[in-house]
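Participant: The file below is entry-v5.pdb, PDB, C-alpha atoms:
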ATOM      1  CA  MET A  60     -52.250 -32.344 -14.121
ATOM      2  CA  LYS A  61     -52.079 -30.349 -17.287
ATOM      3  CA  THR A  62     -48.764 -31.725 -18.517
ATOM      4  CA  VAL A  63     -50.406 -34.976 -19.626
ATOM      5  CA  SER A  64     -53.369 -34.944 -21.975
ATOM      6  CA  PHE A  65     -56.323 -37.264 -21.333
ATOM      7  CA  PRO A  66     -59.634 -37.435 -23.166
ATOM      8  CA  SER A  67     -62.732 -35.980 -21.515
ATOM      9  CA  ASN A  68     -65.083 -38.318 -19.633
ATOM     10  CA  ASN A  69     -62.236 -40.790 -19.134
ATOM     11  CA  PHE A  70     -61.973 -41.494 -15.377
ATOM     12  CA  ASP A  71     -64.278 -42.967 -12.745
ATOM     13  CA  TYR A  72     -62.342 -41.535  -9.820
ATOM     14  CA  ILE A  73     -59.830 -38.710  -9.327
ATOM     15  CA  THR A  74     -58.036 -37.960  -6.069
ATOM     16  CA  ILE A  75     -56.296 -34.703  -5.182
ATOM     17  CA  GLN A  76     -54.353 -35.255  -1.963
ATOM     18  CA  ASP A  77     -52.341 -32.523  -0.286
ATOM     19  CA  ALA A  78     -52.057 -30.625  -3.571
ATOM     20  CA  LEU A  79     -55.034 -28.304  -4.137
ATOM     21  CA  ASP A  80     -53.746 -25.787  -1.584
ATOM     22  CA  HIS A  81     -50.534 -25.589  -3.668
ATOM     23  CA  SER A  82     -52.409 -24.883  -6.910
ATOM     24  CA  ASN A  83     -52.225 -21.451  -8.524
ATOM     25  CA  ASN A  84     -55.863 -21.821  -9.557
ATOM     26  CA  PRO A  85     -57.936 -24.335  -7.545
ATOM     27  CA  VAL A  86     -61.116 -23.465  -9.469
ATOM     28  CA  GLU A  87     -59.466 -24.319 -12.779
ATOM     29  CA  THR A  88     -58.024 -27.525 -11.291
ATOM     30  CA  VAL A  89     -61.434 -28.725 -10.068
ATOM     31  CA  ARG A  90     -63.066 -27.742 -13.365
ATOM     32  CA  HIS A  91     -60.410 -29.728 -15.232
ATOM     33  CA  CYS A  92     -61.144 -32.763 -13.038
ATOM     34  CA  TYR A  93     -64.849 -32.385 -13.816
ATOM     35  CA  ASN A  94     -64.091 -32.563 -17.538
ATOM     36  CA  LEU A  95     -61.893 -35.646 -17.092
ATOM     37  CA  LEU A  96     -64.446 -37.585 -15.039
ATOM     38  CA  LYS A  97     -67.112 -39.804 -16.551
ATOM     39  CA  PRO A  98     -70.719 -38.976 -15.618
ATOM     40  CA  GLY A  99     -71.205 -40.359 -12.103
ATOM     41  CA  GLY A 100     -67.453 -40.111 -11.462
ATOM     42  CA  VAL A 101     -66.110 -39.125  -8.059
ATOM     43  CA  LEU A 102     -63.622 -36.399  -7.149
ATOM     44  CA  ALA A 103     -61.938 -36.750  -3.736
ATOM     45  CA  ILE A 104     -60.037 -33.763  -2.340
ATOM     46  CA  LYS A 105     -57.876 -33.881   0.809
ATOM     47  CA  VAL A 106     -56.498 -30.612   2.195
ATOM     48  CA  HIS A 107     -55.782 -28.867   5.480
ATOM     49  CA  ASN A 108     -58.867 -27.502   7.241
ATOM     50  CA  ILE A 109     -58.243 -23.851   8.087
ATOM     51  CA  SER A 110     -61.306 -23.780  10.378
ATOM     52  CA  CYS A 111     -60.189 -26.524  12.777
ATOM     53  CA  LEU A 112     -59.797 -25.834  16.483
ATOM     54  CA  LEU A 113     -56.013 -26.230  16.279
ATOM     55  CA  SER A 114     -55.905 -23.494  13.622
ATOM     56  CA  LYS A 115     -57.996 -21.188  15.801
ATOM     57  CA  ILE A 116     -55.746 -21.818  18.813
ATOM     58  CA  CYS A 117     -52.469 -21.413  16.893
ATOM     59  CA  GLY A 118     -53.591 -18.536  14.662
ATOM     60  CA  SER A 119     -50.861 -17.554  12.212
ATOM     61  CA  HIS A 120     -48.641 -20.211  13.814
ATOM     62  CA  PHE A 121     -50.895 -23.039  12.578
ATOM     63  CA  TYR A 122     -48.529 -25.525  10.928
ATOM     64  CA  ALA A 123     -50.397 -25.476   7.590
ATOM     65  CA  ILE A 124     -50.005 -21.724   7.106
ATOM     66  CA  ILE A 125     -46.818 -21.798   5.092
ATOM     67  CA  PRO A 126     -46.801 -19.311   2.253
ATOM     68  CA  PRO A 127     -45.665 -19.476  -0.474
ATOM     69  CA  ASP A 128     -46.091 -23.280  -0.372
ATOM     70  CA  HIS A 129     -49.780 -23.158   0.510
ATOM     71  CA  LEU A 130     -51.413 -20.572  -1.706
ATOM     72  CA  PHE A 131     -55.024 -21.263  -0.685
ATOM     73  CA  TYR A 132     -56.734 -22.374   2.515
ATOM     74  CA  PHE A 133     -59.976 -24.316   2.704
ATOM     75  CA  ASN A 134     -62.667 -25.462   5.110
ATOM     76  CA  LEU A 135     -65.772 -27.590   4.665
ATOM     77  CA  LYS A 136     -67.888 -24.663   3.470
ATOM     78  CA  THR A 137     -65.385 -23.426   0.865
ATOM     79  CA  LEU A 138     -64.806 -26.969  -0.405
ATOM     80  CA  GLN A 139     -68.555 -27.551  -0.781
ATOM     81  CA  LEU A 140     -68.835 -24.260  -2.661
ATOM     82  CA  LEU A 141     -65.856 -25.122  -4.872
ATOM     83  CA  LEU A 142     -67.407 -28.462  -5.813
ATOM     84  CA  ASN A 143     -70.913 -27.107  -6.360
ATOM     85  CA  LYS A 144     -69.786 -24.105  -8.437
ATOM     86  CA  ASN A 145     -67.915 -26.459 -10.754
ATOM     87  CA  GLY A 146     -70.786 -28.833 -11.473
ATOM     88  CA  PHE A 147     -70.252 -31.441  -8.757
ATOM     89  CA  LYS A 148     -72.872 -32.604  -6.309
ATOM     90  CA  PHE A 149     -71.329 -32.570  -2.848
ATOM     91  CA  HIS A 150     -71.540 -36.107  -1.473
ATOM     92  CA  SER A 151     -69.739 -36.424   1.870
ATOM     93  CA  TYR A 152     -66.693 -35.579   3.933
ATOM     94  CA  TYR A 153     -64.591 -36.837   6.810
ATOM     95  CA  TYR A 154     -61.751 -35.589   8.969
ATOM     96  CA  ASN A 155     -58.582 -37.631   8.515
ATOM     97  CA  THR A 156     -56.801 -39.431  11.330
ATOM     98  CA  GLN A 157     -53.011 -39.606  11.150
ATOM     99  CA  LYS A 158     -50.439 -41.730  12.923
ATOM    100  CA  LEU A 159     -47.538 -39.510  13.980
ATOM    101  CA  LYS A 160     -44.588 -39.707  16.305
ATOM    102  CA  LEU A 161     -45.103 -37.595  19.431
ATOM    103  CA  SER A 162     -42.139 -35.382  18.472
ATOM    104  CA  THR A 163     -43.671 -34.742  15.028
ATOM    105  CA  SER A 164     -46.936 -33.666  16.661
ATOM    106  CA  ILE A 165     -45.065 -31.156  18.813
ATOM    107  CA  LEU A 166     -43.169 -29.819  15.799
ATOM    108  CA  ARG A 167     -46.448 -29.399  13.896
ATOM    109  CA  VAL A 168     -48.065 -27.442  16.707
ATOM    110  CA  TYR A 169     -45.040 -25.128  16.838
ATOM    111  CA  LYS A 170     -44.376 -24.961  13.074
ATOM    112  CA  GLY A 171     -41.044 -26.703  13.527
ATOM    113  CA  LYS A 172     -39.733 -24.331  16.224
ATOM    114  CA  PRO A 173     -40.995 -25.395  19.668
ATOM    115  CA  THR A 174     -40.841 -22.775  22.411
ATOM    116  CA  GLY A 175     -41.604 -22.798  26.132
ATOM    117  CA  ILE A 176     -43.156 -26.013  27.414
ATOM    118  CA  GLY A 177     -43.216 -27.456  23.882
ATOM    119  CA  ASN A 178     -39.448 -27.067  23.591
ATOM    120  CA  TYR A 179     -38.958 -28.620  27.031
ATOM    121  CA  ILE A 180     -41.084 -31.682  26.150
ATOM    122  CA  TYR A 181     -39.494 -31.970  22.704
ATOM    123  CA  ASN A 182     -35.968 -32.012  24.191
ATOM    124  CA  ILE A 183     -36.928 -34.713  26.712
ATOM    125  CA  ILE A 184     -38.337 -36.856  23.901
ATOM    126  CA  GLN A 185     -35.164 -36.372  21.848
ATOM    127  CA  LYS A 186     -33.011 -37.527  24.797
ATOM    128  CA  HIS A 187     -35.239 -40.544  25.509
ATOM    129  CA  PRO A 188     -36.327 -42.091  22.182
ATOM    130  CA  PHE A 189     -38.590 -44.625  23.926
ATOM    131  CA  LEU A 190     -40.866 -41.659  24.733
ATOM    132  CA  ASN A 191     -41.225 -40.882  21.037
ATOM    133  CA  PHE A 192     -44.110 -43.282  20.558
ATOM    134  CA  SER A 193     -46.638 -43.061  17.770
ATOM    135  CA  ILE A 194     -50.015 -41.503  18.445
ATOM    136  CA  TYR A 195     -53.153 -41.303  16.376
ATOM    137  CA  LYS A 196     -54.328 -37.744  16.090
ATOM    138  CA  ASN A 197     -57.405 -36.183  14.617
ATOM    139  CA  PHE A 198     -57.608 -32.466  15.299
ATOM    140  CA  HIS A 199     -59.932 -32.055  12.296
ATOM    141  CA  ASP A 200     -56.953 -30.333  10.679
ATOM    142  CA  LEU A 201     -57.189 -32.521   7.567
ATOM    143  CA  ILE A 202     -60.420 -32.905   5.643
ATOM    144  CA  THR A 203     -61.406 -35.075   2.699
ATOM    145  CA  VAL A 204     -64.474 -34.184   0.635
ATOM    146  CA  PHE A 205     -66.194 -36.099  -2.149
ATOM    147  CA  GLY A 206     -68.059 -34.664  -5.122
ATOM    148  CA  ILE A 207     -69.941 -36.565  -7.809
ATOM    149  CA  LYS A 208     -70.271 -35.522 -11.433
ATOM    150  CA  ALA A 209     -73.908 -35.607 -12.552
ATOM    151  CA  LYS A 210     -74.942 -38.512 -14.791
TER     152      LYS A 210
END
Have the structure of the file written as structure tokens, please.
Facilitator:
Amino acid sequence: MKTVSFPSNNFDYITIQDALDHSNNPVETVRHCYNLLKPGGVLAIKVHNISCLLSKICGSHFYAIIPPDHLFYFNLKTLQLLLNKNGFKFHSYYYNTQKLKLSTSILRVYKGKPTGIGNYIYNIIQKHPFLNFSIYKNFHDLITVFGIKAK
């Protein structure tokens, strides 16, 4: 974001998708977005939700825990705090639904290395591609929040 220069109060809407958890300084990134937005502008942030049930079940094996790629981890509370501390009024949130192949879902649960029953199911799917159908999943593992810059 910092490689291109834009004037302050220039944008109505800024979206950060699947990037804030890669940032060296998420606070600075959100503050920079605040400066770029016009009064009343909206910042949308989509990241992995570290507090989802899948994360609690998988622990350190949760697919989104991949240092050094993901440097920070967020949940609804930390995202609200991040927005509020940087001048935004928290507006709303939702948990994202994704369409994934069944095999991709298994790989995600096992961080790319299925073991036990997961490996067994994965191998069956690989041998019989018709079983690799798409599913819609929403484990609350992805969250999008919206903050509004005061007018």
Participant: Find, counting all atoms listed in the file, the residue in A:Asn191, A:Tyr152, A:Phe198, A:Asn68 that gets nearest to Lys97 of chain A.
Facilitator: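 Looking only at the distances to Lys97 of chain A, the closest residue turns out to be A:Asn68.
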Participant: For a quick check of your reading of the model, name the residues lying within 10 Å of the coordinate (-60.7, -35.1, -23.0), counting only C-alpha atoms, and write them as a list in words.
Facilitator: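 Residues found, by chain and rising number: Ser64, Phe65, Pro66, Ser67, Asn68, Asn69, His91, Asn94, Leu95 and Leu96 of chain A.
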Participant: Take atom CA of Ser110 of chain A and atom CA of Thr163 of chain A and report the distance between them in Å, one decimal.
Facilitator: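 Result for atom CA of Ser110 of chain A versus atom CA of Thr163 of chain A: 21.3 Å, one decimal.
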Participant: Can you tell me, as an mmCIF file with C-alpha atoms, keeping the file's coordinate frame, what residues are no more than 12 Å from His81 of chain A when counting only C-alpha atoms, ignoring any on the same chain fewer than 6 positions away?
Facilitator:
data_model
loop_
_atom_site.group_PDB
_atom_site.id
_atom_site.type_symbol
_atom_site.label_atom_id
_atom_site.label_comp_id
_atom_site.auth_asym_id
_atom_site.auth_seq_id
_atom_site.Cartn_x
_atom_site.Cartn_y
_atom_site.Cartn_z
ATOM 1 C CA ILE A 75 -56.296 -34.703 -5.182
ATOM 2 C CA THR A 88 -58.024 -27.525 -11.291
ATOM 3 C CA LYS A 105 -57.876 -33.881 0.809
ATOM 4 C CA VAL A 106 -56.498 -30.612 2.195
ATOM 5 C CA HIS A 107 -55.782 -28.867 5.480
ATOM 6 C CA ALA A 123 -50.397 -25.476 7.590
ATOM 7 C CA ILE A 124 -50.005 -21.724 7.106
ATOM 8 C CA ILE A 125 -46.818 -21.798 5.092
ATOM 9 C CA PRO A 126 -46.801 -19.311 2.253
ATOM 10 C CA PRO A 127 -45.665 -19.476 -0.474
ATOM 11 C CA ASP A 128 -46.091 -23.280 -0.372
ATOM 12 C CA HIS A 129 -49.780 -23.158 0.510
ATOM 13 C CA LEU A 130 -51.413 -20.572 -1.706
ATOM 14 C CA PHE A 131 -55.024 -21.263 -0.685
ATOM 15 C CA TYR A 132 -56.734 -22.374 2.515
ATOM 16 C CA PHE A 133 -59.976 -24.316 2.704
#
Participant: For this file, the PyMOL selection byres ((chain A and resi 101) around 6) selects which residues, as a PyMOL selection string?
Facilitator: chain A and resi 72+100+102+206-207
Participant: Of the candidates A:Ser151, A:Asn143, A:Ile183, A:Asn84, which one gets nearest to Ala103 of chain A if we count only C-alpha atoms?
Facilitator: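 For Ala103 of chain A, the nearest of the candidates is A:Ser151.
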Participant: Check the smallest atom-to-atom distance from each of A:Ala209, A:Leu201, A:Ile165, A:Leu190 to Ile104 of chain A using only C-alpha atoms, then report the winner.
Facilitator: A:Leu201
Participant: In Å, with one decimal, what is the gap from atom CA of Asp71 of chain A to atom CA of Lys136 of chain A?
Facilitator: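 Atom CA of Lys136 of chain A lies 24.7 Å from atom CA of Asp71 of chain A.
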Participant: Since the input is missing atoms for segment 87-105 of chain A, could you rebuild it with N, CA and C atoms and give the result as an mmCIF file, in the frame of the given file?
Facilitator:
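Saved as part-v5.cif:
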data_model
loop_
_atom_site.group_PDB
_atom_site.id
_atom_site.type_symbol
_atom_site.label_atom_id
_atom_site.label_comp_id
_atom_site.auth_asym_id
_atom_site.auth_seq_id
_atom_site.Cartn_x
_atom_site.Cartn_y
_atom_site.Cartn_z
ATOM 1 N N GLU A 87 -59.816 -23.722 -11.484
ATOM 2 C CA GLU A 87 -59.466 -24.319 -12.779
ATOM 3 C C GLU A 87 -59.099 -25.801 -12.619
ATOM 4 N N THR A 88 -58.406 -26.131 -11.548
ATOM 5 C CA THR A 88 -58.024 -27.525 -11.291
ATOM 6 C C THR A 88 -59.255 -28.403 -11.109
ATOM 7 N N VAL A 89 -60.211 -27.948 -10.309
ATOM 8 C CA VAL A 89 -61.434 -28.725 -10.068
ATOM 9 C C VAL A 89 -62.265 -28.813 -11.344
ATOM 10 N N ARG A 90 -62.324 -27.736 -12.095
ATOM 11 C CA ARG A 90 -63.066 -27.742 -13.365
ATOM 12 C C ARG A 90 -62.439 -28.742 -14.343
ATOM 13 N N HIS A 91 -61.122 -28.783 -14.369
ATOM 14 C CA HIS A 91 -60.410 -29.728 -15.232
ATOM 15 C C HIS A 91 -60.733 -31.172 -14.824
ATOM 16 N N CYS A 92 -60.774 -31.425 -13.532
ATOM 17 C CA CYS A 92 -61.144 -32.763 -13.038
ATOM 18 C C CYS A 92 -62.563 -33.119 -13.465
ATOM 19 N N TYR A 93 -63.460 -32.147 -13.399
ATOM 20 C CA TYR A 93 -64.849 -32.385 -13.816
ATOM 21 C C TYR A 93 -64.883 -32.855 -15.270
ATOM 22 N N ASN A 94 -64.118 -32.195 -16.118
ATOM 23 C CA ASN A 94 -64.091 -32.563 -17.538
ATOM 24 C C ASN A 94 -63.488 -33.949 -17.768
ATOM 25 N N LEU A 95 -62.541 -34.344 -16.933
ATOM 26 C CA LEU A 95 -61.893 -35.646 -17.092
ATOM 27 C C LEU A 95 -62.744 -36.811 -16.579
ATOM 28 N N LEU A 96 -63.635 -36.525 -15.637
ATOM 29 C CA LEU A 96 -64.446 -37.585 -15.039
ATOM 30 C C LEU A 96 -65.604 -38.002 -15.934
ATOM 31 N N LYS A 97 -65.909 -39.293 -15.892
ATOM 32 C CA LYS A 97 -67.112 -39.804 -16.551
ATOM 33 C C LYS A 97 -68.329 -39.328 -15.762
ATOM 34 N N PRO A 98 -69.506 -39.261 -16.389
ATOM 35 C CA PRO A 98 -70.719 -38.976 -15.618
ATOM 36 C C PRO A 98 -70.860 -39.993 -14.479
ATOM 37 N N GLY A 99 -71.137 -39.502 -13.284
ATOM 38 C CA GLY A 99 -71.205 -40.359 -12.103
ATOM 39 C C GLY A 99 -69.860 -40.558 -11.437
ATOM 40 N N GLY A 100 -68.794 -39.990 -12.026
ATOM 41 C CA GLY A 100 -67.453 -40.111 -11.462
ATOM 42 C C GLY A 100 -67.301 -39.326 -10.171
ATOM 43 N N VAL A 101 -66.318 -39.708 -9.387
ATOM 44 C CA VAL A 101 -66.110 -39.125 -8.059
ATOM 45 C C VAL A 101 -64.783 -38.372 -8.012
ATOM 46 N N LEU A 102 -64.828 -37.167 -7.439
ATOM 47 C CA LEU A 102 -63.622 -36.399 -7.149
ATOM 48 C C LEU A 102 -63.447 -36.375 -5.637
ATOM 49 N N ALA A 103 -62.284 -36.807 -5.158
ATOM 50 C CA ALA A 103 -61.938 -36.750 -3.736
ATOM 51 C C ALA A 103 -60.831 -35.717 -3.567
ATOM 52 N N ILE A 104 -61.026 -34.810 -2.617
ATOM 53 C CA ILE A 104 -60.037 -33.763 -2.340
ATOM 54 C C ILE A 104 -59.673 -33.823 -0.862
ATOM 55 N N LYS A 105 -58.365 -33.923 -0.574
ATOM 56 C CA LYS A 105 -57.876 -33.881 0.809
ATOM 57 C C LYS A 105 -56.962 -32.673 0.960
#
